[in-house]
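Quick look at input_31.cif (mmCIF, C-alpha atoms):
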data_data
#
loop_
_atom_site.label_atom_id
_atom_site.label_comp_id
_atom_site.auth_asym_id
_atom_site.auth_seq_id
_atom_site.Cartn_x
_atom_site.Cartn_y
_atom_site.Cartn_z
CA MET A 169 24.41 11.01 -32.53
CA ALA A 170 23.96 7.95 -30.32
CA ASP A 171 27.43 8.55 -28.92
CA TYR A 172 26.95 12.26 -28.11
CA LEU A 173 26.84 11.68 -24.35
CA ALA A 174 30.09 9.71 -24.31
CA ILE A 175 31.80 12.18 -26.65
CA ASN A 176 30.76 15.24 -24.67
CA ARG A 177 31.40 13.58 -21.30
CA ALA A 178 34.99 12.84 -22.29
CA SER A 179 35.50 16.49 -23.22
CA TRP A 180 34.03 17.82 -19.97
CA ASP A 181 35.85 15.24 -17.84
CA GLU A 182 39.19 16.34 -19.26
CA ARG A 183 38.49 20.06 -18.95
CA ALA A 184 36.99 20.13 -15.45
CA PRO A 185 40.30 20.37 -13.51
CA ALA A 186 41.56 23.09 -15.87
CA HIS A 187 38.32 25.04 -15.47
CA ALA A 188 38.49 24.84 -11.68
CA ALA A 189 42.10 26.10 -11.77
CA SER A 190 41.44 28.89 -14.25
CA PRO A 191 41.10 32.44 -12.92
CA ASP A 192 38.03 32.86 -15.10
CA TYR A 193 35.94 30.69 -12.75
CA ARG A 194 37.14 32.74 -9.74
CA VAL A 195 37.19 29.74 -7.40
CA GLU A 196 39.80 31.31 -5.10
CA GLN A 197 37.69 34.45 -4.68
CA LEU A 198 34.58 32.37 -3.98
CA LEU A 199 36.38 30.42 -1.28
CA ALA A 200 38.07 33.46 0.24
CA ASP A 201 34.80 35.33 0.84
CA PRO A 202 31.66 33.50 2.02
CA ALA A 203 29.53 36.36 0.65
CA GLU A 204 31.03 36.20 -2.84
CA LEU A 205 28.85 35.05 -5.76
CA SER A 206 29.61 33.89 -9.26
CA GLU A 207 29.30 36.64 -11.85
CA VAL A 208 26.51 34.70 -13.60
CA VAL A 209 24.34 34.57 -10.48
CA ARG A 210 25.17 38.13 -9.42
CA PHE A 211 24.00 39.42 -12.82
CA ASP A 212 20.48 38.10 -12.19
CA LEU A 213 20.16 38.89 -8.47
CA PRO A 214 17.20 41.27 -8.94
CA ARG A 215 15.31 38.61 -10.90
CA LEU A 216 16.19 35.66 -8.66
CA GLY A 217 14.58 37.21 -5.60
CA ASP A 218 14.59 35.68 -2.12
CA LEU A 219 15.77 32.05 -2.21
CA THR A 220 15.67 31.40 1.53
CA GLY A 221 14.57 27.81 2.13
CA VAL A 222 13.95 27.15 -1.57
CA ARG A 223 14.62 23.55 -2.69
CA GLY A 224 16.59 23.93 -5.90
CA VAL A 225 18.31 21.82 -8.53
CA HIS A 226 20.95 23.12 -10.90
CA LEU A 227 20.91 21.11 -14.13
CA GLN A 228 24.23 20.79 -15.99
CA CYS A 229 26.00 22.34 -13.02
CA HIS A 230 29.59 21.61 -14.17
CA ILE A 231 32.02 22.54 -11.33
CA GLY A 232 29.28 24.09 -9.22
CA THR A 233 30.26 27.74 -8.84
CA ASP A 234 26.74 28.90 -9.70
CA THR A 235 25.30 26.11 -7.52
CA LEU A 236 27.35 27.32 -4.57
CA SER A 237 26.22 30.89 -5.22
CA LEU A 238 22.55 29.90 -5.17
CA ALA A 239 23.15 28.05 -1.89
CA ARG A 240 24.72 31.20 -0.46
CA LEU A 241 21.50 33.01 -1.31
CA GLY A 242 19.63 30.60 0.96
CA ALA A 243 18.54 27.78 -1.37
CA ARG A 244 18.96 24.11 -0.48
CA MET A 245 20.73 23.02 -3.63
CA THR A 246 21.31 19.84 -5.60
CA GLY A 247 23.58 19.87 -8.63
CA LEU A 248 23.32 17.41 -11.53
CA ASP A 249 25.89 16.87 -14.28
CA LEU A 250 26.91 14.09 -16.68
CA SER A 251 30.63 14.61 -15.97
CA GLY A 252 31.97 12.76 -12.96
CA ALA A 253 35.21 14.74 -13.09
CA SER A 254 33.26 18.01 -12.98
CA LEU A 255 31.42 16.80 -9.88
CA VAL A 256 34.73 15.92 -8.21
CA GLN A 257 35.62 19.60 -8.49
CA ALA A 258 32.13 20.72 -7.47
CA ARG A 259 32.21 18.60 -4.31
CA ARG A 260 35.71 19.85 -3.47
CA ILE A 261 34.63 23.48 -3.84
CA ALA A 262 31.47 22.98 -1.76
CA ALA A 263 33.45 21.20 0.97
CA ALA A 264 36.06 23.97 1.05
CA ALA A 265 33.23 26.51 1.31
CA GLN A 266 31.63 24.43 4.08
CA THR A 267 28.34 24.44 2.18
CA PRO A 268 26.15 21.32 2.05
CA ILE A 269 25.27 20.62 -1.60
CA GLU A 270 24.21 17.25 -2.99
CA TYR A 271 25.78 16.41 -6.34
CA VAL A 272 24.39 13.68 -8.60
CA GLU A 273 26.00 12.27 -11.74
CA ALA A 274 23.52 11.82 -14.60
CA ASP A 275 22.57 13.38 -17.91
CA VAL A 276 19.67 15.82 -17.91
CA TYR A 277 17.18 13.46 -19.46
CA ARG A 278 17.63 11.07 -16.49
CA ALA A 279 17.08 13.80 -13.90
CA VAL A 280 13.57 12.72 -12.90
CA GLU A 281 14.69 9.10 -12.66
CA VAL A 282 17.55 9.88 -10.26
CA LEU A 283 16.09 12.85 -8.36
CA GLY A 284 12.35 12.16 -8.31
CA ALA A 285 9.34 13.97 -9.72
CA GLY A 286 7.86 17.09 -8.13
CA GLU A 287 10.71 17.54 -5.66
CA PHE A 288 11.89 21.08 -6.42
CA ASP A 289 10.76 24.68 -6.01
CA LEU A 290 13.44 25.90 -8.41
CA VAL A 291 15.12 24.45 -11.49
CA PHE A 292 18.14 26.54 -12.49
CA THR A 293 20.01 26.27 -15.77
CA GLY A 294 23.00 28.50 -16.49
CA ILE A 295 25.04 29.78 -19.40
CA GLY A 296 26.14 27.35 -22.10
CA ALA A 297 23.93 24.41 -21.13
CA LEU A 298 21.09 23.93 -23.60
CA CYS A 299 23.43 23.66 -26.60
CA TRP A 300 24.58 20.22 -25.39
CA LEU A 301 21.04 18.79 -25.57
CA PRO A 302 19.57 17.40 -28.81
CA ASP A 303 15.87 17.77 -27.94
CA VAL A 304 14.54 20.92 -26.28
CA ASN A 305 11.03 19.46 -25.91
CA ARG A 306 12.37 16.56 -23.87
CA TRP A 307 14.34 19.02 -21.73
CA ALA A 308 11.23 21.11 -21.06
CA ALA A 309 9.25 18.01 -20.09
CA THR A 310 12.04 17.08 -17.66
CA VAL A 311 11.99 20.54 -16.09
CA ALA A 312 8.21 20.43 -15.67
CA ALA A 313 8.37 16.98 -14.07
CA LEU A 314 11.04 18.08 -11.57
CA LEU A 315 9.05 21.08 -10.36
CA ARG A 316 6.44 21.11 -7.65
CA PRO A 317 3.21 22.99 -8.41
CA GLY A 318 4.07 26.65 -7.98
CA GLY A 319 7.75 26.02 -8.66
CA ARG A 320 9.72 27.93 -11.28
CA LEU A 321 12.37 27.49 -13.90
CA PHE A 322 15.15 30.10 -14.02
CA ILE A 323 17.49 30.10 -16.99
CA ARG A 324 20.19 32.48 -18.18
CA GLU A 325 21.59 31.35 -21.51
CA GLY A 326 23.55 32.40 -24.53
CA HIS A 327 21.11 33.67 -27.13
CA PRO A 328 20.47 31.34 -30.08
CA VAL A 329 21.34 34.25 -32.39
CA LEU A 330 24.80 34.33 -30.80
CA TRP A 331 25.23 30.57 -31.24
CA ALA A 332 24.38 31.01 -34.95
CA ILE A 333 27.08 33.65 -35.58
CA ASP A 334 30.39 32.58 -37.12
CA GLU A 335 32.86 33.66 -34.44
CA THR A 336 35.93 32.83 -36.54
CA ARG A 337 35.56 35.44 -39.32
CA PRO A 338 38.73 37.56 -39.63
CA ASP A 339 36.87 40.58 -41.11
CA GLY A 340 34.96 41.38 -37.91
CA LEU A 341 31.55 41.07 -39.55
CA LEU A 342 28.68 39.51 -37.59
CA VAL A 343 27.47 36.82 -39.98
CA VAL A 344 24.78 34.24 -39.20
CA ASP A 345 26.25 31.10 -40.74
CA LEU A 346 25.23 28.31 -38.34
CA PRO A 347 21.78 26.83 -37.61
CA TYR A 348 19.46 28.96 -35.51
CA PHE A 349 16.80 26.26 -35.23
CA GLU A 350 17.15 22.79 -33.69
CA THR A 351 18.41 20.23 -36.21
CA ALA A 352 18.18 16.45 -36.18
CA GLU A 353 21.92 16.04 -36.59
CA PRO A 354 24.43 17.71 -34.26
CA LEU A 355 27.03 20.31 -35.05
CA VAL A 356 30.32 18.43 -34.76
CA TRP A 357 33.27 20.41 -33.42
CA ASP A 358 36.93 19.41 -33.23
CA GLU A 359 38.66 22.04 -31.11
CA GLY A 360 41.70 21.69 -28.90
CA GLY A 361 41.04 24.58 -26.56
CA THR A 362 38.37 25.68 -24.12
CA TYR A 363 36.49 28.85 -23.20
CA VAL A 364 38.62 29.85 -20.18
CA SER A 365 42.24 30.90 -19.73
CA THR A 366 44.45 27.84 -19.29
CA ASP A 367 47.79 26.45 -20.46
CA THR A 368 46.45 22.89 -20.38
CA SER A 369 46.55 20.84 -23.58
CA PHE A 370 43.60 18.53 -24.25
CA SER A 371 43.36 15.25 -26.11
CA HIS A 372 39.56 14.95 -26.19
CA THR A 373 38.76 17.61 -28.75
CA LEU A 374 35.51 16.36 -30.28
CA THR A 375 32.08 17.62 -29.14
CA HIS A 376 28.49 17.52 -30.42
CA SER A 377 26.08 20.41 -29.93
CA TRP A 378 22.71 21.79 -31.08
CA ASN A 379 21.10 25.20 -31.26
CA HIS A 380 17.49 25.83 -30.20
CA GLY A 381 15.57 28.89 -31.38
CA LEU A 382 14.01 31.16 -28.78
CA GLY A 383 10.55 30.35 -30.12
CA GLU A 384 11.30 26.63 -29.90
CA ILE A 385 12.34 27.02 -26.26
CA PHE A 386 9.25 29.08 -25.42
CA THR A 387 6.93 26.64 -27.19
CA ALA A 388 8.58 23.62 -25.55
CA LEU A 389 8.06 25.09 -22.08
CA THR A 390 4.45 26.08 -22.65
CA GLY A 391 3.79 22.70 -24.24
CA ALA A 392 5.11 21.04 -21.09
CA GLY A 393 2.58 22.96 -19.00
CA LEU A 394 4.77 25.84 -17.81
CA ARG A 395 3.78 29.51 -17.98
CA VAL A 396 6.56 31.85 -19.08
CA THR A 397 6.60 34.89 -16.78
CA THR A 398 9.88 36.60 -17.73
CA LEU A 399 11.85 36.87 -20.96
CA VAL A 400 14.60 39.49 -21.07
CA GLU A 401 17.19 39.70 -23.84
CA HIS A 402 20.63 41.12 -22.96
CA ASP A 403 23.41 42.78 -24.95
CA SER A 404 26.06 40.95 -22.90
CA VAL A 405 27.48 37.53 -22.03
CA PRO A 406 29.85 36.38 -19.25
CA TRP A 407 32.66 35.34 -21.61
CA ASN A 408 34.47 36.65 -24.68
CA ALA A 409 32.12 35.01 -27.17
CA LEU A 410 33.25 36.94 -30.25
CA PRO A 411 37.02 37.46 -29.91
CA GLY A 412 38.31 40.72 -31.29
CA ARG A 413 34.87 42.30 -31.32
CA MET A 414 34.04 42.55 -27.60
CA VAL A 415 35.10 44.49 -24.52
CA LYS A 416 34.71 43.46 -20.87
CA GLY A 417 32.72 45.73 -18.59
CA ASP A 418 34.32 46.94 -15.37
CA HIS A 419 31.11 46.98 -13.33
CA ASP A 420 29.68 43.52 -14.01
CA GLY A 421 32.39 41.43 -15.72
CA GLU A 422 30.13 40.98 -18.77
CA TRP A 423 31.37 41.12 -22.36
CA ARG A 424 29.65 43.37 -24.91
CA LEU A 425 30.21 44.32 -28.53
CA THR A 426 32.79 47.06 -28.84
CA GLU A 427 30.70 48.83 -31.46
CA ARG A 428 26.94 49.17 -32.05
CA ARG A 429 25.77 46.92 -29.24
CA GLU A 430 22.15 47.28 -30.31
CA ARG A 431 22.69 44.99 -33.32
CA VAL A 432 22.18 41.55 -31.77
CA PRO A 433 21.04 39.94 -28.51
CA LEU A 434 23.82 37.94 -26.86
CA SER A 435 22.03 36.26 -23.95
CA TYR A 436 18.63 36.07 -22.30
CA THR A 437 17.00 35.40 -18.94
CA LEU A 438 13.80 33.38 -18.90
CA GLN A 439 11.53 32.34 -16.04
CA ALA A 440 8.57 29.99 -16.18
CA VAL A 441 6.17 28.76 -13.50
CA LYS A 442 4.39 25.44 -13.02
CA ASP A 443 0.93 26.64 -12.03
CA ILE A 444 -0.98 25.14 -9.15
CA SER A 445 -3.90 23.27 -10.72
#
So, in terms of structure tokens, how does the structure I just supplied come out?
Amino acid sequence: MADYLAINRASWDERAPAHAASPDYRVEQLLADPAELSEVVRFDLPRLGDLTGVRGVHLQCHIGTDTLSLARLGARMTGLDLSGASLVQARRIAAAAQTPIEYVEADVYRAVEVLGAGEFDLVFTGIGALCWLPDVNRWAATVAALLRPGGRLFIREGHPVLWAIDETRPDGLLVVDLPYFETAEPLVWDEGGTYVSTDTSFSHTLTHSWNHGLGEIFTALTGAGLRVTTLVEHDSVPWNALPGRMVKGDHDGEWRLTERRERVPLSYTLQAVKDIS
């Protein structure tokens, strides 16, 4: 586990150029239209509210398409990621969009060290981020330290129930076969592909990840002094998480179960506030 940062960084570094080139990240559309937003940010527009003048940080920002979208909504954004290659793409995209965004290379647990405490009105975390962190309590403490009094956390994530489902079953059954709760040891994956459309072949195939139960996330945030104000579970996700069992919606680009969508939650949106003492 001591090497999880190096192992995961190597994977993200190699995949960043392929992700930026993939049509699934819609970089060309974002650059062609200054009013365009990423599908992840657009999904939560009613909950995000007015971001004009808000000082925000996007943790685990990857290539920065959500970061750019938040900036287009009026926020003054900083993006933080452990992958230098991802930030190369993020800076290129921001420059092409003529949008000033500061990008900082560091893992999440060093965010306060490199960005400062109490500097932000908004901490944003997007889809597929928390699973790369071994300790959700340490993450929550980091978020709380980054926020100013009155600031808020906004997170849209894959649901821990989804992360616990075996996506490889050929019979189409939804079977919980992986840990739902946080474990001391990581899940070790050796996979040659990635989650977007690409013809690129990868040599860094090993990754380490962890699941965190919804109750564990809630308890970690409240234990760090944050007050949860919103928790909405969704029947959709922005990618084909269960191949062969999902269909993509025409109106929002989200993927849902083809049959009986009421069976399991697939993602959630959570907001929490650091109260003014």
Extract, using all atoms listed in the file, all DNA, RNA and protein residues at most 7 Å from stretch 398-409 of chain A, discarding same-chain residues fewer than 3 positions from it, and format them as a ChimeraX atom specification. /A:208,326,414,421-424,429,433-440
Report the distance between atom CA of A:Asn379 and atom CA of A:Tyr363 in Å, rounded to one decimal place.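 Computed distance, atom CA of A:Asn379 to atom CA of A:Tyr363, equals 17.8 Å.
Counting all atoms listed in the file, the residue from A:Leu205, A:Ala264, A:Val291, A:Leu216 that sits nearest to A:Gly247 is A:Val291.
If you look at atom CA of A:Pro302 and atom CA of A:His380, they are 8.8 Å away from each other.
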Which of A:Leu173, A:Ile385, A:Val195, A:Ala189 sits closest to A:Asp249 [using only C-alpha atoms]: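 Nearest to A:Asp249: A:Leu173.
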Atomic separation - atom CA of A:Val344 relative to atom CA of A:Ala308, Å: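 Separation of atom CA of A:Ala308 and atom CA of A:Val344: 26.2 Å.
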Please identify all polymer residues within 9 Å of A:Ser237, counting only C-alpha atoms, omitting same-chain residues fewer than 4 positions from it, and present them as a PDB file with C-alpha atoms, in the coordinates of the input.
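Ended up saving to result_9.pdb:
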ATOM      1  CA  LEU A 198      34.580  32.370  -3.980  1.00  0.00           C
ATOM      2  CA  ALA A 203      29.530  36.360   0.650  1.00  0.00           C
ATOM      3  CA  GLU A 204      31.030  36.200  -2.840  1.00  0.00           C
ATOM      4  CA  LEU A 205      28.850  35.050  -5.760  1.00  0.00           C
ATOM      5  CA  SER A 206      29.610  33.890  -9.260  1.00  0.00           C
ATOM      6  CA  VAL A 209      24.340  34.570 -10.480  1.00  0.00           C
ATOM      7  CA  ARG A 210      25.170  38.130  -9.420  1.00  0.00           C
ATOM      8  CA  GLY A 232      29.280  24.090  -9.220  1.00  0.00           C
ATOM      9  CA  THR A 233      30.260  27.740  -8.840  1.00  0.00           C
ATOM     10  CA  LEU A 241      21.500  33.010  -1.310  1.00  0.00           C
TER      11      LEU A 241
END
Would you mind telling me which residue in A:Ala279, A:Ala297, A:Ile444, A:Ala186 lies nearest to A:Leu248 when using all atoms listed in the file? A:Ala279
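Matched in the shown structure by the PyMOL selection byres ((chain A and resi 309) around 12): Val276, Tyr277, Arg278, Ala279, Val280, Ala285, Asp303, Val304, Asn305, Arg306, Trp307, Ala308, Thr310, Val311, Ala312, Ala313, Leu314, Leu315, Leu321, Ile385, Thr387, Ala388, Leu389, Thr390, Gly391, Ala392, Gly393, Leu394 and Lys442 of chain A.
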Would you list the contacts of stretch 350-362 of chain A as a ChimeraX atom specification, taking every protein, DNA or RNA residue within 8 Å and counting only C-alpha atoms, but skipping same-chain residues closer than 4 positions in sequence? /A:169,183,302-303,369-381,384
Take the residues that were just selected and, keeping C-alpha atoms, output them as a PDB file, keeping the file's coordinate frame.
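Output contents, as saved in again19.pdb:
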ATOM      1  CA  MET A 169      24.410  11.010 -32.530  1.00  0.00           C
ATOM      2  CA  ARG A 183      38.490  20.060 -18.950  1.00  0.00           C
ATOM      3  CA  PRO A 302      19.570  17.400 -28.810  1.00  0.00           C
ATOM      4  CA  ASP A 303      15.870  17.770 -27.940  1.00  0.00           C
ATOM      5  CA  SER A 369      46.550  20.840 -23.580  1.00  0.00           C
ATOM      6  CA  PHE A 370      43.600  18.530 -24.250  1.00  0.00           C
ATOM      7  CA  SER A 371      43.360  15.250 -26.110  1.00  0.00           C
ATOM      8  CA  HIS A 372      39.560  14.950 -26.190  1.00  0.00           C
ATOM      9  CA  THR A 373      38.760  17.610 -28.750  1.00  0.00           C
ATOM     10  CA  LEU A 374      35.510  16.360 -30.280  1.00  0.00           C
ATOM     11  CA  THR A 375      32.080  17.620 -29.140  1.00  0.00           C
ATOM     12  CA  HIS A 376      28.490  17.520 -30.420  1.00  0.00           C
ATOM     13  CA  SER A 377      26.080  20.410 -29.930  1.00  0.00           C
ATOM     14  CA  TRP A 378      22.710  21.790 -31.080  1.00  0.00           C
ATOM     15  CA  ASN A 379      21.100  25.200 -31.260  1.00  0.00           C
ATOM     16  CA  HIS A 380      17.490  25.830 -30.200  1.00  0.00           C
ATOM     17  CA  GLY A 381      15.570  28.890 -31.380  1.00  0.00           C
ATOM     18  CA  GLU A 384      11.300  26.630 -29.900  1.00  0.00           C
TER      19      GLU A 384
END
Would you pick out the contacts of A:Asp289 at 8 Å or less, using only C-alpha atoms, so that residues sharing its chain but fewer than 5 positions from it are not included, and give the list as a ChimeraX atom specification? /A:222-224,315-316,318-320
Restrict the calculation to only C-alpha atoms, then for each residue of stretch 176-227 of chain A with any atom at most 10 Å from an atom of stretch 254-258 of chain A give the closest atom pair and their distance in Å to one decimal, rows by chain and rising residue number, as a tab-separated table.
residue	atom	partner	partner_atom	distance
A:Arg177	CA	A:Ser254	CA	9.6
A:Trp180	CA	A:Ser254	CA	7.0
A:Asp181	CA	A:Ser254	CA	6.2
A:Glu182	CA	A:Ser254	CA	8.8
A:Arg183	CA	A:Ser254	CA	8.2
A:Ala184	CA	A:Ser254	CA	5.0
A:Pro185	CA	A:Gln257	CA	6.9
A:His187	CA	A:Ser254	CA	9.0
A:Ala188	CA	A:Gln257	CA	6.8
A:Ala189	CA	A:Gln257	CA	9.7
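With all atoms listed in the file as the atoms that count, the residue of A:Ala200, A:Leu330, A:Leu346, A:Ile175 with the shortest distance to A:Ala265 is A:Ala200.
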Within 10 Å of A:Asp345 using only C-alpha atoms, minus same-chain residues under 4 positions, as a VMD selection string: chain A and resid 331 to 335
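For the choices A:Phe386, A:Tyr271, A:Tyr348, A:Phe292, the atom-to-atom distance to A:Phe322 is smallest for A:Phe292 when using all atoms listed in the file.
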Which one of A:Arg431, A:Thr368, A:Ile295, A:His230 sits closest to A:His327 if you count only C-alpha atoms?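 For A:His327, the nearest of the given residues is A:Ile295.
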Hey, what comes out of the PyMOL selection byres ((chain A and resi 267) around 10) on this file? Could you write it as a VMD selection string? chain A and resid 202 236 239 to 240 244 to 245 259 261 to 266 268 to 270
